[in-house]
Amino acid sequence: MSVRSPLHRPWSLVDLVADLRSGRSTEADAWQRSGARIDETEPELAAWVIHRPPAAPAHPSGRVGPLGGIPLGVKDIIDVAGLPTRCGTDLYAARPPAEADAAVVQAWRRAGAVPAGKTVSTEFAFFAPGPTRNPADPTHTPGGSSSGSAAAVASGQVPLALGSQTAGSVTRPASYCGVASMVMTRGRCSTDGVTGLSASLDSHGLYAAQVRDLACAWSAFVGQEVVHGDPSSHPRVLLWDAAELGVVESDMAAAVTELGRAIRAKGAELSAFPAAAAVAETTAAHAVVMAYEAARERSALFEDIDRLSDPLAALLRRGASTTTADYHAARRSIAVSRERIIGLFEDVDVIVGPAAPGAAPEGLDATGDPVLSRAWQAWGLPVVTVPGITDGKGMPLGMQVIGSPNCESELLAGASWISEVIAAGFPP
């Protein structure tokens with residue numbers, strides 16, 4: 001993988017956990033490394049709203065949880081006890097600290113991860129960007145809305161960070177910043193303590209350097225063995241080129257085609273994705289549902305709508321003008337097509353396609369287009385973003401690997417295999 005910035009230096013969770021377990025490193029060493037890297041890179045990247053490491057090792061008497069006290073970035077729409085949740089908005093500048101951890105933070109603490117602070121979110125996890133820059137090239141957007149978490153992992157400030165996704169807020173930043181990510185099956189973990197945007201669409205996500213690091217984190221989270229890629233085990237793959245959405249740029253389209261050839265050359269069963277019309281219809285339905293629910297879930301914001309960014313104000317106004325009949329029609333459409341898509345997994349293991357239209361756009365005034373994630377998010381499916389491909393300018397291009405609901409371990413196995421195919425010499 002060719003990335004042109006020295007700021008891009010992800011930190012392997014697998015290697016860190018192995019060092020902690022063997023005694024080659026300690027929790028204090030991990031926090032010292034994290035702090036030093038933040039000191040080195042944060043002035044340029046601006047990934048953090050609040051960086052507040054513990055005053056002393058969280059587990060001074062020994063390792064607690066399989067992750068052993070590793071530093072964790074937490075997106076600033078997710079509550080961490082003792083820290084304010086500001087949601088990327090000046091409206092919450094004076095918000096008091098949260099009294100308790102969000103349910104998902106509690107779960108990661110049980111796995112042994114310790115919050116290092118709050119990472120930048122776009123305004124209320126929508127489109128208005130924060131100050132964060134892309135470690136692959138600081139003149140390009142890191143994507144959004146989980147901007148700070150993606151940048152913190154891509155730069156090696158922390159080995160693991162939490163995000164959330166309502167449209168493409170985890171998958172797109174991973175693709176742009178050149179790291180791995182996973183969106184959990186919707187409902188896999190409670191969203192209590194999270195300032196959401198759309199109740200039927202919001203999902204949890206996480207970032208790590210590579211797919212094997214996601215697998216390490218996931219096994220700690222759910223208490224299962226780490227998933228490793230097995231080059232001799234060939235998954236059944238549907239290749240989705242997203243042509244029906246009309247947004248995929250030439251470098252990404254070429255990468256999808258070449259990846260399909262490489263998958264077939266490795267002996268996997270590869271077929272074309274047969275439900276393009278369902279993706280297009282569900283992409284449109286997702287936008288209706290998201291706007292309608294956001295206008296109601298964040299109805300208090302109408303009091304300050306003139307202080308909101310133009311994109312968020314427009315979303316809320318559009319949602320408020322959407323009829324209940326149109327909303328329910330969109331929900332029905334999503335439910336019907338979801339049954340068809342889930343049925344595909346009776347004959348295939350994963351669906352593979354582009355994670356974003358192309359590389360991260362230049363400039364910091366927008367966060368890119370989430371359109372390639374909308375349908376999968378509407379269906380509530382788990383998604384892994386696999387890094388390792390770059391465009392002609394050396395900027396990252398991510399591939400998303402989609403799995404069946406509540407089958408994250410199996411999805412990670414398939415994504416790990418795809419990662420091995422890419423690492424084996426995928427064309428630049």
# chains A, B, ... in the order shown; residues from 1 in each chain; ligands from 1

$ select_by_dssp --residues "stretch 22-97 of chain A" --states "alpha helix (DSSP H)" --output "tab-separated table (two decimals) with all heavy atoms, in the first residue's frame"
chain	number	residue	atom	x	y	z
A	22	SER	N	2.62	-11.14	26.47
A	22	SER	CA	3.93	-11.77	26.67
A	22	SER	C	4.76	-11.07	27.73
A	22	SER	O	5.78	-11.60	28.18
A	22	SER	CB	4.71	-11.78	25.36
A	22	SER	OG	5.08	-10.45	25.01
A	27	GLU	N	0.86	-1.85	30.02
A	27	GLU	CA	-0.19	-0.88	29.77
A	27	GLU	C	0.37	0.54	29.78
A	27	GLU	O	0.02	1.37	28.94
A	27	GLU	CB	-1.27	-1.04	30.83
A	27	GLU	CG	-2.47	-0.14	30.66
A	27	GLU	CD	-3.49	-0.35	31.76
A	27	GLU	OE1	-3.48	-1.42	32.40
A	27	GLU	OE2	-4.30	0.57	31.97
A	28	ALA	N	1.26	0.80	30.73
A	28	ALA	CA	1.86	2.14	30.81
A	28	ALA	C	2.66	2.46	29.55
A	28	ALA	O	2.63	3.61	29.06
A	28	ALA	CB	2.76	2.23	32.04
A	29	ASP	N	3.36	1.46	29.00
A	29	ASP	CA	4.10	1.67	27.75
A	29	ASP	C	3.15	2.06	26.61
A	29	ASP	O	3.46	2.94	25.80
A	29	ASP	CB	4.87	0.41	27.35
A	29	ASP	CG	5.98	0.04	28.31
A	29	ASP	OD1	6.50	0.94	28.99
A	29	ASP	OD2	6.32	-1.16	28.38
A	30	ALA	N	2.01	1.36	26.55
A	30	ALA	CA	1.05	1.63	25.49
A	30	ALA	C	0.52	3.06	25.58
A	30	ALA	O	0.41	3.77	24.57
A	30	ALA	CB	-0.11	0.63	25.55
A	31	TRP	N	0.23	3.50	26.79
A	31	TRP	CA	-0.28	4.86	26.96
A	31	TRP	C	0.79	5.90	26.68
A	31	TRP	O	0.51	6.98	26.13
A	31	TRP	CB	-0.86	5.02	28.36
A	31	TRP	CG	-2.22	4.38	28.43
A	31	TRP	CD1	-2.50	3.09	28.76
A	31	TRP	CD2	-3.46	4.99	28.11
A	31	TRP	NE1	-3.84	2.85	28.68
A	31	TRP	CE2	-4.47	4.00	28.29
A	31	TRP	CE3	-3.84	6.27	27.70
A	31	TRP	CZ2	-5.81	4.27	28.06
A	31	TRP	CZ3	-5.18	6.54	27.49
A	31	TRP	CH2	-6.15	5.55	27.66
A	32	GLN	N	2.02	5.58	27.02
A	32	GLN	CA	3.11	6.51	26.71
A	32	GLN	C	3.27	6.66	25.21
A	32	GLN	O	3.44	7.77	24.69
A	32	GLN	CB	4.41	6.04	27.35
A	32	GLN	CG	5.58	6.98	27.13
A	32	GLN	CD	6.85	6.51	27.80
A	32	GLN	OE1	6.99	5.34	28.16
A	32	GLN	NE2	7.80	7.41	27.98
A	33	ARG	N	3.22	5.53	24.50
A	33	ARG	CA	3.33	5.58	23.03
A	33	ARG	C	2.18	6.38	22.44
A	33	ARG	O	2.38	7.21	21.54
A	33	ARG	CB	3.36	4.17	22.46
A	33	ARG	CG	3.29	4.12	20.95
A	33	ARG	CD	3.45	2.72	20.41
A	33	ARG	NE	3.15	2.66	18.98
A	33	ARG	CZ	3.30	1.60	18.21
A	33	ARG	NH1	3.77	0.47	18.74
A	33	ARG	NH2	3.01	1.63	16.93
A	34	SER	N	0.97	6.13	22.92
A	34	SER	CA	-0.18	6.86	22.41
A	34	SER	C	-0.03	8.36	22.63
A	34	SER	O	-0.24	9.17	21.72
A	34	SER	CB	-1.46	6.35	23.10
A	34	SER	OG	-2.59	7.10	22.71
A	35	GLY	N	0.36	8.73	23.84
A	35	GLY	CA	0.50	10.15	24.15
A	35	GLY	C	1.57	10.82	23.31
A	35	GLY	O	1.40	11.96	22.85
A	36	ALA	N	2.69	10.11	23.09
A	36	ALA	CA	3.78	10.68	22.30
A	36	ALA	C	3.33	10.89	20.85
A	36	ALA	O	3.67	11.91	20.23
A	36	ALA	CB	5.00	9.78	22.36
A	37	ARG	N	2.58	9.92	20.31
A	37	ARG	CA	2.12	10.06	18.93
A	37	ARG	C	1.09	11.17	18.80
A	37	ARG	O	1.08	11.91	17.79
A	37	ARG	CB	1.55	8.72	18.45
A	37	ARG	CG	1.16	8.69	16.97
A	37	ARG	CD	2.32	8.92	16.05
A	37	ARG	NE	1.92	8.75	14.64
A	37	ARG	CZ	2.60	9.19	13.60
A	37	ARG	NH1	3.76	9.84	13.79
A	37	ARG	NH2	2.17	8.98	12.38
A	38	ILE	N	0.24	11.32	19.79
A	38	ILE	CA	-0.72	12.42	19.77
A	38	ILE	C	0.01	13.76	19.83
A	38	ILE	O	-0.30	14.69	19.08
A	38	ILE	CB	-1.73	12.26	20.92
A	38	ILE	CG1	-2.66	11.09	20.61
A	38	ILE	CG2	-2.54	13.55	21.11
A	38	ILE	CD1	-3.57	10.71	21.76
A	39	ASP	N	0.99	13.86	20.70
A	39	ASP	CA	1.77	15.10	20.78
A	39	ASP	C	2.43	15.43	19.44
A	39	ASP	O	2.51	16.60	19.04
A	39	ASP	CB	2.86	14.98	21.85
A	39	ASP	CG	2.30	15.00	23.27
A	39	ASP	OD1	1.13	15.39	23.44
A	39	ASP	OD2	3.04	14.60	24.19
A	40	GLU	N	2.87	14.39	18.75
A	40	GLU	CA	3.59	14.57	17.48
A	40	GLU	C	2.67	14.98	16.35
A	40	GLU	O	3.04	15.80	15.50
A	40	GLU	CB	4.30	13.26	17.13
A	40	GLU	CG	5.05	13.29	15.82
A	40	GLU	CD	5.64	11.92	15.45
A	40	GLU	OE1	5.44	10.95	16.22
A	40	GLU	OE2	6.28	11.83	14.39
A	41	THR	N	1.46	14.42	16.30
A	41	THR	CA	0.61	14.55	15.11
A	41	THR	C	-0.64	15.40	15.30
A	41	THR	O	-1.20	15.91	14.33
A	41	THR	CB	0.17	13.16	14.63
A	41	THR	OG1	-0.56	12.51	15.68
A	41	THR	CG2	1.36	12.31	14.24
A	42	GLU	N	-1.10	15.54	16.53
A	42	GLU	CA	-2.37	16.20	16.76
A	42	GLU	C	-2.40	17.66	16.29
A	42	GLU	O	-3.44	18.12	15.79
A	42	GLU	CB	-2.76	16.09	18.23
A	42	GLU	CG	-4.12	16.69	18.60
A	42	GLU	CD	-5.30	16.04	17.91
A	42	GLU	OE1	-5.12	15.01	17.21
A	42	GLU	OE2	-6.42	16.56	18.06
A	43	PRO	N	-1.31	18.43	16.42
A	43	PRO	CA	-1.39	19.81	15.93
A	43	PRO	C	-1.79	19.92	14.46
A	43	PRO	O	-2.43	20.89	14.06
A	43	PRO	CB	0.03	20.34	16.17
A	43	PRO	CG	0.52	19.56	17.34
A	43	PRO	CD	-0.04	18.17	17.12
A	44	GLU	N	-1.43	18.92	13.67
A	44	GLU	CA	-1.79	18.95	12.25
A	44	GLU	C	-3.10	18.24	11.96
A	44	GLU	O	-3.86	18.64	11.08
A	44	GLU	CB	-0.68	18.32	11.40
A	44	GLU	CG	-0.91	18.48	9.91
A	44	GLU	CD	0.34	18.28	9.09
A	44	GLU	OE1	1.38	17.91	9.66
A	44	GLU	OE2	0.29	18.52	7.87
A	45	LEU	N	-3.42	17.18	12.73
A	45	LEU	CA	-4.58	16.35	12.40
A	45	LEU	C	-5.86	16.79	13.08
A	45	LEU	O	-6.95	16.63	12.52
A	45	LEU	CB	-4.30	14.89	12.76
A	45	LEU	CG	-3.23	14.19	11.94
A	45	LEU	CD1	-3.08	12.75	12.39
A	45	LEU	CD2	-3.57	14.24	10.45

$ residues_around --residues "A:Leu91" --least-positions-apart "5" --cutoff "10 Å" --atoms "only C-alpha atoms" --output "list in words"
Arg86, Glu123, Leu301, Asp304, Arg307 and Leu308 of chain A

$ select_by_dssp --residues "stretch 240-354 of chain A" --states "strand (DSSP E or B)" --output "VMD selection string"
chain A and resid 269 to 272 350 to 354

$ atom_distance --atom1 "atom CA of A:Val421" --atom2 "atom CA of A:Ser169"
25.9 Å

$ residues_around --residues "stretch 327-335 of chain A" --least-positions-apart "5" --cutoff "8 Å" --atoms "only C-alpha atoms" --output "list in words"
Glu281, Thr282, Ala285, His286, Val288, Val289, Tyr292, Thr322, Ala378 and Trp379 of chain A

$ residues_around --residues "A:Pro354" --least-positions-apart "2" --cutoff "12 Å" --atoms "only C-alpha atoms" --output "PyMOL selection string"
chain A and resi 171-172+174-176+239-243+245+247-260+351-352+356-359+370-373+383-387+389+396-402

$ residues_around --residues "A:Val158" --least-positions-apart "5" --cutoff "8 Å" --atoms "only C-alpha atoms" --output "PyMOL selection string"
chain A and resi 11+34+71-73+152-153

$ closest_residue --among "A:Ile70, A:Leu160, A:Val211, A:Ala180" --to "A:Gly414" --atoms "only C-alpha atoms"
A:Val211

$ atom_distance --atom1 "atom CA of A:Pro173" --atom2 "atom CA of A:Thr367"
8.5 Å

$ atom_distance --atom1 "atom CA of A:Ser404" --atom2 "atom CA of A:Ile342"
6.4 Å

$ residues_around --residues "A:Leu270" --least-positions-apart "4" --cutoff "9 Å" --atoms "only C-alpha atoms" --output "VMD selection string"
chain A and resid 235 to 239 260 263 to 264

$ residues_around --residues "A:Met290" --least-positions-apart "4" --cutoff "12 Å" --atoms "only C-alpha atoms" --output "mmCIF file with C-alpha atoms, in the first residue's frame"
data_model
loop_
_atom_site.group_PDB
_atom_site.id
_atom_site.type_symbol
_atom_site.label_atom_id
_atom_site.label_comp_id
_atom_site.auth_asym_id
_atom_site.auth_seq_id
_atom_site.Cartn_x
_atom_site.Cartn_y
_atom_site.Cartn_z
ATOM 1 C CA PHE A 126 -24.193 14.649 9.834
ATOM 2 C CA GLN A 165 -22.983 4.966 11.270
ATOM 3 C CA THR A 166 -26.376 6.180 10.098
ATOM 4 C CA ALA A 167 -25.513 6.463 6.388
ATOM 5 C CA GLY A 196 -28.332 9.381 17.631
ATOM 6 C CA LEU A 197 -29.823 10.779 14.464
ATOM 7 C CA SER A 198 -32.184 8.089 13.187
ATOM 8 C CA ALA A 199 -33.346 5.303 15.489
ATOM 9 C CA SER A 200 -34.018 2.700 12.799
ATOM 10 C CA LEU A 201 -30.676 3.339 11.056
ATOM 11 C CA ASP A 202 -28.056 4.111 13.755
ATOM 12 C CA THR A 282 -33.285 1.271 -0.995
ATOM 13 C CA THR A 283 -30.705 4.030 -1.323
ATOM 14 C CA ALA A 284 -33.550 6.442 -2.063
ATOM 15 C CA ALA A 285 -35.720 5.010 0.716
ATOM 16 C CA HIS A 286 -32.878 5.363 3.232
ATOM 17 C CA ALA A 294 -33.844 12.909 12.355
ATOM 18 C CA ALA A 295 -36.459 15.678 12.350
ATOM 19 C CA ARG A 296 -38.259 13.932 15.183
ATOM 20 C CA GLU A 297 -35.323 12.525 17.148
ATOM 21 C CA ARG A 298 -33.571 15.909 17.118
ATOM 22 C CA LEU A 312 -28.205 19.739 8.927
ATOM 23 C CA LEU A 315 -32.110 17.649 6.564
ATOM 24 C CA LEU A 316 -34.347 18.602 9.471
ATOM 25 C CA ARG A 318 -36.860 18.045 4.706
ATOM 26 C CA GLY A 319 -37.700 15.502 7.373
ATOM 27 C CA ALA A 320 -40.320 17.730 8.941
ATOM 28 C CA THR A 322 -41.952 14.375 4.794
ATOM 29 C CA TYR A 327 -42.049 7.449 5.617
ATOM 30 C CA ALA A 330 -40.016 3.830 2.520
ATOM 31 C CA ARG A 331 -39.844 1.559 5.564
ATOM 32 C CA ARG A 374 -27.012 3.850 2.363
ATOM 33 C CA ALA A 375 -28.655 0.616 1.188
ATOM 34 C CA GLN A 377 -27.193 0.575 6.338
ATOM 35 C CA ALA A 378 -30.922 0.610 5.670
#

$ closest_residue --among "A:Met182, A:Thr141, A:Tyr207, A:Phe127" --to "A:Pro10" --atoms "only C-alpha atoms"
A:Tyr207
